$ cat entry.cif   # mmCIF, C-alpha atoms and all ligand atoms
data_start
#
loop_
_atom_site.label_atom_id
_atom_site.label_comp_id
_atom_site.auth_asym_id
_atom_site.auth_seq_id
_atom_site.Cartn_x
_atom_site.Cartn_y
_atom_site.Cartn_z
CA MET A 1 -16.72 46.91 8.41
CA LYS A 2 -14.85 43.65 7.86
CA TYR A 3 -11.13 43.33 7.11
CA LEU A 4 -9.54 41.03 4.57
CA VAL A 5 -5.77 41.04 4.92
CA ALA A 6 -3.83 39.37 2.09
CA ASN A 7 -0.47 38.11 3.30
CA TRP A 8 1.35 37.17 0.10
CA LYS A 9 4.32 35.85 2.13
CA SER A 10 6.99 34.93 -0.47
CA TYR A 11 4.64 33.12 -2.83
CA ILE A 12 4.69 35.76 -5.58
CA THR A 13 8.15 36.16 -7.04
CA SER A 14 7.82 38.17 -10.24
CA HIS A 15 6.72 41.71 -10.94
CA LYS A 16 4.41 40.40 -13.68
CA ASP A 17 2.58 38.01 -11.36
CA ALA A 18 2.40 40.61 -8.61
CA LYS A 19 0.88 43.13 -10.97
CA ALA A 20 -1.74 40.71 -12.28
CA LEU A 21 -2.71 39.67 -8.75
CA PHE A 22 -2.99 43.14 -7.29
CA LEU A 23 -4.93 44.50 -10.29
CA ALA A 24 -7.51 41.75 -9.90
CA THR A 25 -7.59 42.25 -6.12
CA ARG A 26 -7.94 46.02 -6.46
CA ASP A 27 -10.81 45.78 -8.94
CA GLU A 28 -12.76 43.48 -6.65
CA ALA A 29 -11.82 45.50 -3.55
CA ASP A 30 -13.07 48.71 -5.18
CA ALA A 31 -16.49 47.18 -5.56
CA CYS A 32 -16.91 46.07 -1.93
CA LEU A 33 -17.41 47.66 1.47
CA SER A 34 -14.77 45.66 3.35
CA GLU A 35 -11.26 46.96 3.90
CA VAL A 36 -8.90 44.87 1.75
CA ILE A 37 -5.25 45.26 2.80
CA VAL A 38 -2.61 43.75 0.54
CA CYS A 39 0.71 42.84 2.15
CA PRO A 40 3.16 41.94 -0.63
CA PRO A 41 6.90 41.32 -0.36
CA PHE A 42 8.85 44.61 -0.08
CA PRO A 43 9.89 44.91 -3.78
CA PHE A 44 6.23 45.04 -4.90
CA LEU A 45 5.05 47.67 -2.40
CA PRO A 46 5.97 50.70 -4.55
CA ASP A 47 3.77 49.46 -7.40
CA ILE A 48 0.78 49.04 -5.15
CA LYS A 49 1.15 52.39 -3.43
CA GLN A 50 2.35 54.57 -6.25
CA ASP A 51 0.76 53.17 -9.36
CA TRP A 52 -2.45 51.67 -8.09
CA ASP A 53 -3.06 53.05 -4.63
CA MET A 54 -4.53 50.20 -2.60
CA ALA A 55 -4.48 49.85 1.17
CA ALA A 56 -1.16 48.13 1.76
CA GLY A 57 0.90 46.62 4.50
CA ALA A 58 4.45 45.37 4.88
CA GLN A 59 5.19 41.88 6.18
CA ASP A 60 7.87 43.13 8.58
CA VAL A 61 9.90 46.22 9.50
CA PHE A 62 13.03 47.09 11.45
CA TRP A 63 12.84 49.04 14.72
CA GLU A 64 15.81 51.41 14.25
CA THR A 65 15.32 54.57 12.19
CA LYS A 66 18.45 54.33 10.01
CA GLY A 67 22.07 53.27 10.03
CA ALA A 68 24.39 50.35 9.42
CA TYR A 69 21.83 47.52 9.40
CA THR A 70 22.47 45.48 6.25
CA GLY A 71 19.33 44.04 4.75
CA GLU A 72 16.80 45.86 6.93
CA VAL A 73 13.81 47.94 5.83
CA THR A 74 13.05 50.92 8.06
CA LEU A 75 9.86 52.68 9.04
CA ASP A 76 10.65 55.82 7.05
CA MET A 77 11.09 53.73 3.93
CA LEU A 78 7.56 52.43 4.42
CA ARG A 79 6.13 55.81 5.36
CA ASN A 80 7.65 57.40 2.28
CA LEU A 81 5.61 54.94 0.25
CA ASN A 82 2.46 55.77 2.24
CA VAL A 83 2.21 52.23 3.54
CA GLU A 84 -0.38 52.19 6.34
CA TYR A 85 -0.01 48.76 7.92
CA VAL A 86 2.67 46.33 9.03
CA ILE A 87 2.27 42.68 10.02
CA LEU A 88 4.40 41.89 13.08
CA GLY A 89 4.98 38.74 15.09
CA HIS A 90 3.94 36.35 12.34
CA SER A 91 4.66 32.76 13.39
CA GLU A 92 6.94 32.28 10.37
CA ARG A 93 9.11 35.20 11.57
CA ARG A 94 9.08 33.75 15.08
CA LYS A 95 10.05 30.31 13.76
CA TYR A 96 12.47 30.81 10.86
CA PHE A 97 14.07 34.08 12.03
CA GLU A 98 13.90 33.35 15.74
CA GLU A 99 12.11 36.60 16.49
CA SER A 100 11.56 36.73 20.22
CA ASP A 101 8.70 38.48 22.00
CA GLU A 102 11.24 41.14 22.94
CA VAL A 103 12.20 41.83 19.32
CA ILE A 104 8.54 41.90 18.28
CA ASN A 105 7.82 44.34 21.10
CA LYS A 106 10.56 46.69 19.84
CA LYS A 107 9.10 46.56 16.34
CA VAL A 108 5.54 47.12 17.58
CA LYS A 109 6.53 50.18 19.61
CA ALA A 110 8.63 51.67 16.80
CA ALA A 111 5.93 51.10 14.18
CA LEU A 112 3.21 52.68 16.33
CA LYS A 113 5.44 55.62 17.18
CA ALA A 114 6.03 56.15 13.46
CA GLY A 115 2.28 56.25 12.86
CA LEU A 116 1.79 52.85 11.24
CA LYS A 117 -1.04 50.49 12.10
CA VAL A 118 0.12 47.16 13.45
CA ILE A 119 -1.40 43.77 12.65
CA LEU A 120 0.00 41.73 15.52
CA CYS A 121 -0.05 37.95 15.04
CA VAL A 122 -0.35 35.61 18.01
CA GLY A 123 -1.25 31.95 18.35
CA GLU A 124 -0.35 28.67 19.94
CA LYS A 125 1.66 25.80 18.44
CA GLN A 126 -0.63 23.14 19.82
CA ARG A 127 -3.95 23.03 21.52
CA LYS A 128 -3.83 20.52 24.33
CA GLU A 129 -7.37 20.92 25.61
CA LYS A 130 -10.16 21.18 23.12
CA ASN A 131 -11.95 24.56 23.17
CA VAL A 132 -9.53 26.11 25.67
CA ILE A 133 -7.38 28.97 24.37
CA PRO A 134 -3.84 28.35 25.64
CA LYS A 135 -2.27 30.89 27.99
CA ILE A 136 0.58 31.48 25.54
CA VAL A 137 -1.81 33.73 23.57
CA ALA A 138 -2.18 36.09 26.55
CA GLU A 139 1.55 35.88 27.28
CA GLN A 140 2.40 36.91 23.71
CA ILE A 141 -0.05 39.81 23.84
CA LYS A 142 1.39 41.05 27.16
CA ALA A 143 5.00 40.74 26.01
CA ASN A 144 4.45 42.16 22.53
CA LEU A 145 2.43 45.15 23.73
CA ALA A 146 4.52 45.91 26.83
CA GLY A 147 5.13 49.64 27.12
CA VAL A 148 2.72 50.58 24.31
CA PRO A 149 0.91 53.73 25.43
CA LYS A 150 -2.86 53.46 25.68
CA THR A 151 -3.25 56.27 23.16
CA LYS A 152 -1.81 53.93 20.50
CA ILE A 153 -3.92 50.84 21.12
CA HIS A 154 -6.53 51.90 18.57
CA ASN A 155 -3.81 51.39 15.94
CA VAL A 156 -3.29 47.75 16.90
CA MET A 157 -5.27 44.97 15.27
CA VAL A 158 -4.63 41.43 16.52
CA ALA A 159 -4.66 38.39 14.25
CA TYR A 160 -5.32 35.17 16.12
CA GLU A 161 -3.47 32.54 14.11
CA PRO A 162 -3.14 29.11 15.71
CA ILE A 163 0.09 27.78 14.21
CA TRP A 164 -1.33 24.30 13.62
CA ALA A 165 -3.95 25.89 11.36
CA ILE A 166 -1.54 27.86 9.14
CA GLY A 167 -1.02 26.36 5.71
CA THR A 168 -2.40 23.00 6.80
CA GLY A 169 -5.95 23.13 5.49
CA LEU A 170 -7.09 22.52 9.08
CA SER A 171 -8.76 25.77 10.06
CA ASP A 172 -9.95 26.41 13.59
CA THR A 173 -13.68 26.56 14.28
CA PRO A 174 -15.36 29.98 14.15
CA GLU A 175 -16.62 29.39 17.72
CA ASN A 176 -13.08 28.87 18.93
CA ALA A 177 -11.78 31.88 16.99
CA HIS A 178 -14.55 33.87 18.68
CA GLN A 179 -13.41 32.60 22.10
CA ALA A 180 -9.84 33.57 21.25
CA ALA A 181 -10.99 37.04 20.21
CA LEU A 182 -12.73 37.46 23.58
CA TYR A 183 -9.64 36.22 25.41
CA ILE A 184 -7.41 38.65 23.50
CA ARG A 185 -9.75 41.59 24.20
CA LYS A 186 -9.93 40.65 27.90
CA THR A 187 -6.13 40.44 28.11
CA ILE A 188 -5.73 43.89 26.55
CA GLY A 189 -8.56 45.16 28.74
CA LYS A 190 -6.69 44.01 31.86
CA MET A 191 -3.50 45.70 30.65
CA TYR A 192 -5.24 49.02 29.95
CA HIS A 193 -8.94 49.44 30.45
CA THR A 194 -11.88 47.11 29.75
CA LYS A 195 -13.39 49.48 27.23
CA LEU A 196 -10.12 49.82 25.37
CA GLY A 197 -9.74 46.04 25.20
CA MET A 198 -13.28 45.57 23.92
CA GLY A 199 -12.61 48.01 21.08
CA VAL A 200 -9.64 46.08 19.68
CA LYS A 201 -10.20 44.55 16.24
CA VAL A 202 -9.42 40.83 16.12
CA LEU A 203 -8.95 38.84 12.93
CA TYR A 204 -8.72 35.10 12.45
CA GLY A 205 -5.98 33.52 10.30
CA GLY A 206 -5.10 29.94 9.38
CA SER A 207 -6.32 28.08 6.27
CA VAL A 208 -9.04 30.59 5.39
CA ASN A 209 -10.43 30.12 1.89
CA SER A 210 -13.57 30.81 -0.14
CA LYS A 211 -15.32 27.83 1.44
CA ASN A 212 -14.98 28.92 5.06
CA VAL A 213 -14.45 32.71 4.95
CA LEU A 214 -18.08 33.59 5.60
CA GLU A 215 -18.26 31.32 8.65
CA PHE A 216 -15.51 33.43 10.23
CA VAL A 217 -16.46 36.93 9.17
CA ASN A 218 -20.11 36.40 10.02
CA TYR A 219 -19.34 35.12 13.50
CA HIS A 220 -19.95 37.64 16.25
CA GLY A 221 -16.75 39.27 17.51
CA ILE A 222 -14.51 38.38 14.55
CA ASP A 223 -13.61 41.50 12.58
CA GLY A 224 -12.09 39.81 9.58
CA VAL A 225 -9.49 37.39 8.32
CA LEU A 226 -5.78 37.22 7.58
CA VAL A 227 -5.35 35.09 4.47
CA GLY A 228 -2.10 33.50 3.35
CA SER A 229 -1.91 31.15 0.40
CA ALA A 230 -5.52 31.66 -0.75
CA SER A 231 -4.81 35.40 -1.14
CA THR A 232 -2.20 34.63 -3.80
CA LYS A 233 -4.66 32.80 -6.05
CA LYS A 234 -6.45 35.41 -8.13
CA ASP A 235 -9.77 33.63 -8.66
CA GLU A 236 -9.91 32.34 -5.11
CA PHE A 237 -9.19 35.67 -3.45
CA THR A 238 -11.50 37.74 -5.67
CA LYS A 239 -14.22 35.21 -4.88
CA MET A 240 -13.57 35.71 -1.17
CA ILE A 241 -13.78 39.50 -1.47
CA LYS A 242 -17.04 39.19 -3.39
CA LEU A 243 -18.50 36.83 -0.78
CA VAL A 244 -17.61 39.09 2.15
CA GLY A 245 -18.86 42.12 0.22
P1 LIG B 301 -2.65 30.40 5.36
O1 LIG B 301 -1.71 31.42 6.16
O2 LIG B 301 -3.90 31.17 5.00
O3 LIG B 301 -1.86 30.00 4.15
O4 LIG B 301 -2.95 29.27 6.28
C1 LIG B 301 -2.22 32.34 7.05
C2 LIG B 301 -1.12 33.18 7.62
O5 LIG B 301 -0.04 32.64 7.89
O6 LIG B 301 -1.28 34.38 7.80
#
$ encode --input "entry.cif" --output "structure tokens" --more "lines below"
Ligand code: PGA
Amino acid sequence: MKYLVANWKSYITSHKDAKALFLATRDEADACLSEVIVCPPFPFLPDIKQDWDMAAGAQDVFWETKGAYTGEVTLDMLRNLNVEYVILGHSERRKYFEESDEVINKKVKAALKAGLKVILCVGEKQRKEKNVIPKIVAEQIKANLAGVPKTKIHNVMVAYEPIWAIGTGLSDTPENAHQAALYIRKTIGKMYHTKLGMGVKVLYGGSVNSKNVLEFVNYHGIDGVLVGSASTKKDEFTKMIKLVG
């Protein structure tokens, strides 16, 4: 089964637009075999989970359970909405909110402990040598998964998202994304057990659209895609779901 994760980021700003987009997405998702996971901004999550019931994810979460943390959304708040997934470590959170590997690690551990599935984003800023996956990818994996018990690894999906490919229209090659997926699985395999590493689902993200989506999902070892801006365009995203099937 292939995964199509729609990361709406902060593109959709009104309830009306959110509703129109997720209704179209849901109708197409209902007719396909892939797992379509919609990750809207927090205010739109209740609509998706309560009124329409689609697989949904949050774009972030806080690691503490409750308390005096102005502005934060906690794990129980998500669980009470039956949200299954959370995206963590996205490069925009690392960049604009200065989230360190340590902070991401706290969030990953707390989310897994609370029973959520984590979509962990990793990726390099620049690729110096063509076709060589930079070591930073392994370093992020090791730091972000430090202390995660092996019994929880099946709830971690990794999204390889080279930063230079996000929102630029310059996607990576499927061959390279495949190499990155292998590298990620090997890194997790070394941390735990080879078999465990090989079982980890790896997605590719960065300028995926209806023109290139099949090249990625059909490539051996790539379990799906994490889609940003193209997932917020109704016709484009429903076309992608239809293509992947
Ligand atoms: P993009 O974003 O599809 O707009 O490049 C991908 C992402 O940041 O997850």
$ residues_near_ligand --input "entry.cif" --ligand "ligand LIG 301 (chain B)" --cutoff "7 Å" --atoms "only C-alpha atoms and all ligand atoms" --output "list in words"
Asn7, Glu161, Ala165, Ile166, Gly167, Thr168, Gly169, Gly205, Gly206, Ser207, Val208, Leu226, Val227, Gly228, Ser229 and Ala230 of chain A
$ write_last_selection --input "entry.cif" --atoms "C-alpha atoms" --output "PDB file, in the frame of the given file"
ATOM      1  CA  ASN A   7      -0.470  38.110   3.300  1.00  0.00           C
ATOM      2  CA  GLU A 161      -3.470  32.540  14.110  1.00  0.00           C
ATOM      3  CA  ALA A 165      -3.950  25.890  11.360  1.00  0.00           C
ATOM      4  CA  ILE A 166      -1.540  27.860   9.140  1.00  0.00           C
ATOM      5  CA  GLY A 167      -1.020  26.360   5.710  1.00  0.00           C
ATOM      6  CA  THR A 168      -2.400  23.000   6.800  1.00  0.00           C
ATOM      7  CA  GLY A 169      -5.950  23.130   5.490  1.00  0.00           C
ATOM      8  CA  GLY A 205      -5.980  33.520  10.300  1.00  0.00           C
ATOM      9  CA  GLY A 206      -5.100  29.940   9.380  1.00  0.00           C
ATOM     10  CA  SER A 207      -6.320  28.080   6.270  1.00  0.00           C
ATOM     11  CA  VAL A 208      -9.040  30.590   5.390  1.00  0.00           C
ATOM     12  CA  LEU A 226      -5.780  37.220   7.580  1.00  0.00           C
ATOM     13  CA  VAL A 227      -5.350  35.090   4.470  1.00  0.00           C
ATOM     14  CA  GLY A 228      -2.100  33.500   3.350  1.00  0.00           C
ATOM     15  CA  SER A 229      -1.910  31.150   0.400  1.00  0.00           C
ATOM     16  CA  ALA A 230      -5.520  31.660  -0.750  1.00  0.00           C
TER      17      ALA A 230
END
$ atom_distance --input "entry.cif" --atom1 "atom CA of Lys66 of chain A" --atom2 "atom CA of Ala110 of chain A"
12.2 Å
$ residues_around --input "entry.cif" --residues "segment 122-125 of chain A" --least-positions-apart "2" --cutoff "6 Å" --atoms "all atoms listed in the file" --output "ChimeraX atom specification"
/A:137,160-164
$ closest_residue --input "entry.cif" --among "A:Glu215, A:Glu72, A:Asp172, A:Asp30" --to "Met54 of chain A" --atoms "only C-alpha atoms"
A:Asp30
$ closest_residue --input "entry.cif" --among "A:Phe42, A:Tyr69, A:Tyr85, A:Tyr192" --to "Asn155 of chain A" --atoms "only C-alpha atoms"
A:Tyr85
$ residues_around --input "entry.cif" --residues "His154 of chain A" --least-positions-apart "5" --cutoff "9 Å" --atoms "only C-alpha atoms" --output "mmCIF file with C-alpha atoms, in the coordinates of the input"
data_model
loop_
_atom_site.group_PDB
_atom_site.id
_atom_site.type_symbol
_atom_site.label_atom_id
_atom_site.label_comp_id
_atom_site.auth_asym_id
_atom_site.auth_seq_id
_atom_site.Cartn_x
_atom_site.Cartn_y
_atom_site.Cartn_z
ATOM 1 C CA LYS A 117 -1.040 50.490 12.100
ATOM 2 C CA LEU A 196 -10.120 49.820 25.370
ATOM 3 C CA GLY A 199 -12.610 48.010 21.080
ATOM 4 C CA VAL A 200 -9.640 46.080 19.680
ATOM 5 C CA LYS A 201 -10.200 44.550 16.240
#
$ atom_distance --input "entry.cif" --atom1 "atom CA of Asn131 of chain A" --atom2 "atom CA of Leu170 of chain A"
15.0 Å
$ axis_aligned_box --input "entry.cif" --around "segment 146-149 of chain A" --padding-each-side "5 Å" --output "AutoDock Vina command-line options"
--center_x 3.0 --center_y 49.8 --center_z 25.7 --size_x 14.2 --size_y 17.8 --size_z 12.8
$ residues_around --input "entry.cif" --residues "Ile12 of chain A" --least-positions-apart "5" --cutoff "9 Å" --atoms "all atoms listed in the file" --output "PyMOL selection string"
chain A and resi 17-18+21+40-41+232
